[in-house]
Number of protein chains: 4
Amino acid sequence: MKAAIVGVTGYTGVELIRLIQQHPKLTIGTIHSHTMHEHAEKVYPHLNGFLDQEILPYDPQLIQQENDLVFFATPAGISKTLAADFVEKKFPIIDLSGDLRLKKPSDYQRYYQKEPAEAALLAQAEYVVPEFNTAQGNLIANPGCYATAAILASAPIVQQGWLAGTMIFDGKSGLSGAGKSLTDSSHYVSASENMTMYKVNQHQHIPEILQQLQQWDPDLQHIHFSTSLIPVKRGIFMTLYAPIKETVTEAMLYQQFLETYEKAAFVRVQPLGKMPALRQVTTTNFCDIGLSMNQETQILTVAAVIDNLGKGAAGQAIQNFNVWAGLPETAGLLQVPIYP
Amino acid sequence: MKAAIVGVTGYTGVELIRLIQQHPKLTIGTIHSHTMHEHAEKVYPHLNGFLDQEILPYDPQLIQQENDLVFFATPAGISKTLAADFVEKKFPIIDLSGDLRLKKPSDYQRYYQKEPAEAALLAQAEYVVPEFNTAQGNLIANPGCYATAAILASAPIVQQGWLAGTMIFDGKSGLSGAGKSLTDSSHYVSASENMTMYKVNQHQHIPEILQQLQQWDPDLQHIHFSTSLIPVKRGIFMTLYAPIKETVTEAMLYQQFLETYEKAAFVRVQPLGKMPALRQVTTTNFCDIGLSMNQETQILTVAAVIDNLGKGAAGQAIQNFNVWAGLPETAGLLQVPIYP
Amino acid sequence: MKAAIVGVTGYTGVELIRLIQQHPKLTIGTIHSHTMHEHAEKVYPHLNGFLDQEILPYDPQLIQQENDLVFFATPAGISKTLAADFVEKKFPIIDLSGDLRLKKPSDYQRYYQKEPAEAALLAQAEYVVPEFNTAQGNLIANPGCYATAAILASAPIVQQGWLAGTMIFDGKSGLSGAGKSLTDSSHYVSASENMTMYKVNQHQHIPEILQQLQQWDPDLQHIHFSTSLIPVKRGIFMTLYAPIKETVTEAMLYQQFLETYEKAAFVRVQPLGKMPALRQVTTTNFCDIGLSMNQETQILTVAAVIDNLGKGAAGQAIQNFNVWAGLPETAGLLQVPIYP
Amino acid sequence: MKAAIVGVTGYTGVELIRLIQQHPKLTIGTIHSHTMHEHAEKVYPHLNGFLDQEILPYDPQLIQQENDLVFFATPAGISKTLAADFVEKKFPIIDLSGDLRLKKPSDYQRYYQKEPAEAALLAQAEYVVPEFNTAQGNLIANPGCYATAAILASAPIVQQGWLAGTMIFDGKSGLSGAGKSLTDSSHYVSASENMTMYKVNQHQHIPEILQQLQQWDPDLQHIHFSTSLIPVKRGIFMTLYAPIKETVTEAMLYQQFLETYEKAAFVRVQPLGKMPALRQVTTTNFCDIGLSMNQETQILTVAAVIDNLGKGAAGQAIQNFNVWAGLPETAGLLQVPIYP
């Protein structure tokens, strides 16, 4: 099968290129950008010898003609206006942006401060965390990076109804999570040897997480959610503090995590009490999870690490493609993480 | 006045050298190490021209003869056996290690896994956070780095009795916090572009924090406390999640932080909702604090940043010296932070 | 005395603020920017408590009225048009940009690709490396960062006429050397764990270095000069490979370096064969120099390290101010380097 | 085919694991270490799910029984004593250490300061840079990291006899190049935001480079060679300054580089004047080369970048294996570089 990528000049787009290049059943048809139209290997010297193609302007007809599906790796606000044309023609879309994830338009408006997509489009879009659900149609909304880590870290507890209070998520992200746009805070001189906290309780992944968790526990009303930038290129270190009901023991919790992810090829639960390091998953589609129960406070600490461009974006998009296309979930995604 | 430093080859010792060199009233008498005996400028080329002295073996008589006080910048387990001799002779000590901070010997035993200091010695030692108390005698136990940040972040709330549940501290430290000893996790290749979590709910600063907070709220039984390493040399980014009583508003909280630190020269409370960046305090004795209340969860997020070698160790030791010696609290400590 | 700073929002401007704040005889009068007009402490939270001033628009009358001299910390192309007004009124200027350094207008045109300053202005400007010359007038052109390191590394050899061939300078700079402007190559995600080479034999500091060296050896026609970016915030590591005449021995070379810098407070020559580390000078006005002679190739390796914002810009500007104002050269500049 | 790895706990050993895991024709038989005997996935959590094997003590019989060849990824001084036993039995060895590279025992003695291997063993060992020669026997000495970059950067010039003077190599390496052993200079706090120069003209790869280059130009007597550490995990940025004969033009040079590497799958020559960035090859077996001629100095600047653990060690070892085994040179090695 052949895929088009729209938005190849962003970090997520270029990661999609890398993953598709090593995929056994998927190849790159055409690549597109709204801003840059040069030869791909000129823009990205690391691709020299791998992608002898021009980056083309956005061209929906060409995309549909030359490809079997399209990945949108565009910033928020783009795909919501472009998707309808493809949907109409039942042309498959995997959208990596936030445009089609939220069922409530008011959530999109509040958190993205933009006009939401058409109701009809939102109705057709399926938000798919491949560990928990499968797409029925041709319009997949790929989860966000923080959201992926937060959902995988909390699902076993929420599904069991074991919470005794508000979950607190303390998310730390590498700089590529903020995208390739140039800002003071992403300048090397600002970011190196620094740590900053941003969008406290205002991050746009909050409604996405709640929407998913409420499918398992409709009574769950709020989460407490903070996001920080740490000086790494790639990776999310998500720490969850979850107040647990008195009757639930550490052993029960650990057992539940093991069971929940028993068949999940990309979730690796660590030995009890052992926390994962961020680096052990970078460049891959893995999510490694560690947990530690504090008997005195009855609060469970969960640490979940992912690569924000891998399991948090392009990797998960390929995983979603694999399941959607009836391929083994792991096709093209089982590389050993880069270490060190 | 003249000060001896015991343990000059560690990060804290060498920071003491730097701070004393720029102090208007304090000079370095003698410098000592248990392991390395060379000329200081040979060990530390950056000191070339600043410290024409040999690093001497430990020698209590010489220390007392040539100095007016001594700083112990030694690892845990050293000063508890060396201090008694000085105390007997009423020779002033500022101990930067953890040996004399904990009043309950069993706490030391549990968290440091070593034999505690003699009861008589512990009885004389005074744990001094200079924003809140002043030494009466000559034996000062200087607070730990995480503890300093945690206490300053939570004091205004604990003092008012405004907590509605367990406080969760999520502490991130730079690598110098783990000391100069060589370990796999401190190797550049392991630490760069990585983040790791360690000693979850087991860090030795936990009892120190509780001991201080319980002076303000004897009912406070537990804190939840996690510690991580982020790829920076210096700095602690301490995030506190504090469940707040329903009757307490954001305005009351902010006002209380402002009042608590109104006269604290080194605590800078940020505008409400604005979180500090780690870099804005590195190399200094400042603690910058930001806070943000979440109305939905009734949880307050507090971020407090310090330099672990500055306000978290050597800077605070000089601040403690200043107050103890009757000097202005800020003597020698008011440099503009290094930026960028 | 009071100084104005024009261009306070760049790295060099904010470093000037820091250095003036700790200067015994100089204070900040007014601060100016062409682009940003807010309170200084709002733009730079690390300055909180240190600089209760508004950043003002550029206003030459106000500058002259409220100050005794002005520092231009502006990008290339600005001060050449602004300086004349001050010069006319004999108001002292220290210009940290490249606008007034080059005596030959054609050099400026070639390397900066802009129109050069008026000939009359260039005639009055004095390029001052304070280790070697002193300003006679009121218009000082402060040397560039690479140029400072290159001149200090090579002066003892060039002055003696000991070269047997072309000198090769391999300069490595931290990202702050490229200024605060946002570019793809200064994005953290591009710069971290990377090294890039740029402007090979085309850097604008080349004519500045030649101009200075030719004062000592008019026969010196060329240098070979490459510049790279390494993932550090601050610092220049300049490596010089100098082919040396057969009759010159290592001992003679070392002796010459020692003599040349015997009275230079800020140049620290290392023991023979010992190369300096970049960190041992960061945040200071020092230049540390190491040298090593290869008997087989008769090529001398010299390594000179400076802080590009310190000795390479703001530090040297203060040093130039000190000498110009008849103060001790070291006034306000003798801080212990930050380590680690 | 099955391979044993001796020395799996070093960076090179663990990179071999990664590369063999993705190789189409090679699998891991047994893994060995002289120091650590645990389950591989316990030592390296990133391998979780990829290598369900114990790290075994060194056991030559078992190695020969269970495998078709052995990779020695051991520090200098080990394989020289272990190899004989395998050679005797004609069991294939690819040695990644420096023990068998140098034909002159006195070179080994001088640069490694250890006793050299037996003459008979050295006689059989073949030093193979796969772009230039092919092993005839079963004992391959895999080139060193700096040596690989230096040889590839200079071969086209040396082979043509175009040098007009001494070549100067300025090599910059990431910290993994110094191995996993813990030293002050590899501590994160020392290495981050720092650059150091070491072993100026004394690096053990010098004789290895000379030995290779002298096969092409027996008159080449010396090279000038410096090595530095820059704050990156992986990668070598090798800069070569080569004085070129007057009759040789830039066009001839460029053409020669293109021709030399026309059939080299892993050497990518950049467009003339465009220098490669270190990151464009990390995690791969590529060597990217840029060149720029300075007409004024008649010195050619060549920049060659490799991953010291890839093309500089484990990648090249697999490439050597491929050629030796009659497989396509690129088998298992053609992954897109990780970017960013």
# chains A, B, ... in the order shown; residues from 1 in each chain; ligands from 1
$ select_by_dssp --residues "range 120-268 of chain C" --states "helix (DSSP H, G or I)" --output "PyMOL selection string"
chain C and resi 120-124+145-160+175-178+184-186+188-191+206-216+250-260
$ interface_residues --of "chain D" --to "chain A" --cutoff "6 Å" --atoms "only C-alpha atoms" --output "JSON, numbers by chain"
{"D": [18, 46, 280, 336]}
$ atom_distance --atom1 "CA of Ser186 in chain B" --atom2 "CA of Tyr241 in chain A"
26.4 Å
$ atom_distance --atom1 "CA of Ala325 in chain B" --atom2 "CA of Glu131 in chain B"
15.8 Å
$ select_by_dssp --residues "range 88-320 of chain D" --states "strand (DSSP E)" --output "NGL selection string"
:D and (93-95 or 126-127 or 139-141 or 168-173 or 196-198 or 224-229 or 236-243 or 267-269 or 287-294 or 299-306)
$ atom_distance --atom1 "CA of Gln211 in chain D" --atom2 "CA of Ser181 in chain D"
28.4 Å
$ residues_around --residues "Gln159 in chain D" --least-positions-apart "2" --cutoff "10 Å" --atoms "only C-alpha atoms" --output "list in words"
Ser154, Ala155, Pro156, Ile157, Gly161, Trp162, Leu163, Leu213, Gln214, Gln215, Trp216, Asp217, Gln256 and Thr260 of chain D
$ residues_around --residues "His203 in chain D" --least-positions-apart "3" --cutoff "12 Å" --atoms "only C-alpha atoms" --output "tab-separated table (two decimals) with C-alpha atoms, in the first residue's frame"
chain	number	residue	atom	x	y	z
D	98	GLY	CA	42.75	-2.11	18.99
D	107	ASP	CA	53.54	1.07	17.80
D	108	TYR	CA	51.16	-0.85	20.06
D	110	ARG	CA	54.07	3.09	22.49
D	111	TYR	CA	50.46	4.09	22.05
D	112	TYR	CA	48.63	1.52	24.19
D	113	GLN	CA	51.37	1.16	26.78
D	144	GLY	CA	38.90	2.41	15.28
D	145	CYS	CA	36.37	5.21	15.28
D	146	TYR	CA	38.65	8.22	14.77
D	147	ALA	CA	40.70	6.15	12.31
D	169	PHE	CA	43.17	16.21	11.77
D	170	ASP	CA	40.98	17.90	14.37
D	171	GLY	CA	38.72	15.16	15.77
D	178	ALA	CA	35.56	7.12	25.74
D	197	MET	CA	40.97	18.40	24.43
D	198	TYR	CA	42.96	15.30	25.25
D	199	LYS	CA	45.86	13.17	24.04
D	200	VAL	CA	47.06	15.87	21.62
D	206	ILE	CA	47.43	7.74	14.95
D	207	PRO	CA	49.60	4.73	14.03
D	208	GLU	CA	46.56	2.94	12.66
D	209	ILE	CA	45.80	5.83	10.32
D	223	ILE	CA	50.00	13.49	10.55
D	224	HIS	CA	49.07	16.13	13.09
D	225	PHE	CA	46.21	14.82	15.18
D	226	SER	CA	44.13	16.26	18.01
D	227	THR	CA	41.14	14.80	19.80
D	228	SER	CA	38.46	16.54	21.82
$ residues_around --residues "range 133-139 of chain B" --least-positions-apart "4" --cutoff "7 Å" --atoms "only C-alpha atoms" --output "ChimeraX atom specification"
/B:90-94,124-126,128-129,324
$ residues_around --residues "range 54-58 of chain C" --least-positions-apart "6" --cutoff "8 Å" --atoms "only C-alpha atoms" --output "PDB file with C-alpha atoms, in the first residue's frame"
ATOM      1  CA  VAL C   6      21.315  50.058  23.621  1.00  0.00           C
ATOM      2  CA  VAL C   8      19.366  45.100  26.137  1.00  0.00           C
ATOM      3  CA  THR C  30      18.968  53.957  30.978  1.00  0.00           C
ATOM      4  CA  ILE C  31      18.326  50.838  28.903  1.00  0.00           C
ATOM      5  CA  HIS C  32      17.050  50.788  25.356  1.00  0.00           C
ATOM      6  CA  SER C  33      15.805  48.459  22.677  1.00  0.00           C
ATOM      7  CA  HIS C  34      14.562  48.943  19.162  1.00  0.00           C
ATOM      8  CA  THR C  35      12.029  46.160  19.488  1.00  0.00           C
ATOM      9  CA  MET C  36      10.789  45.584  23.038  1.00  0.00           C
ATOM     10  CA  HIS C  37       9.494  48.134  25.523  1.00  0.00           C
ATOM     11  CA  GLU C  38       8.488  46.547  28.777  1.00  0.00           C
ATOM     12  CA  HIS C  39       9.739  46.493  32.321  1.00  0.00           C
ATOM     13  CA  ALA C  40      13.146  44.798  32.379  1.00  0.00           C
TER      14      ALA C  40
END
$ residues_around --residues "Ala242 in chain B" --least-positions-apart "5" --cutoff "7 Å" --atoms "only C-alpha atoms" --output "PyMOL selection string"
chain B and resi 163+167-168+299-301
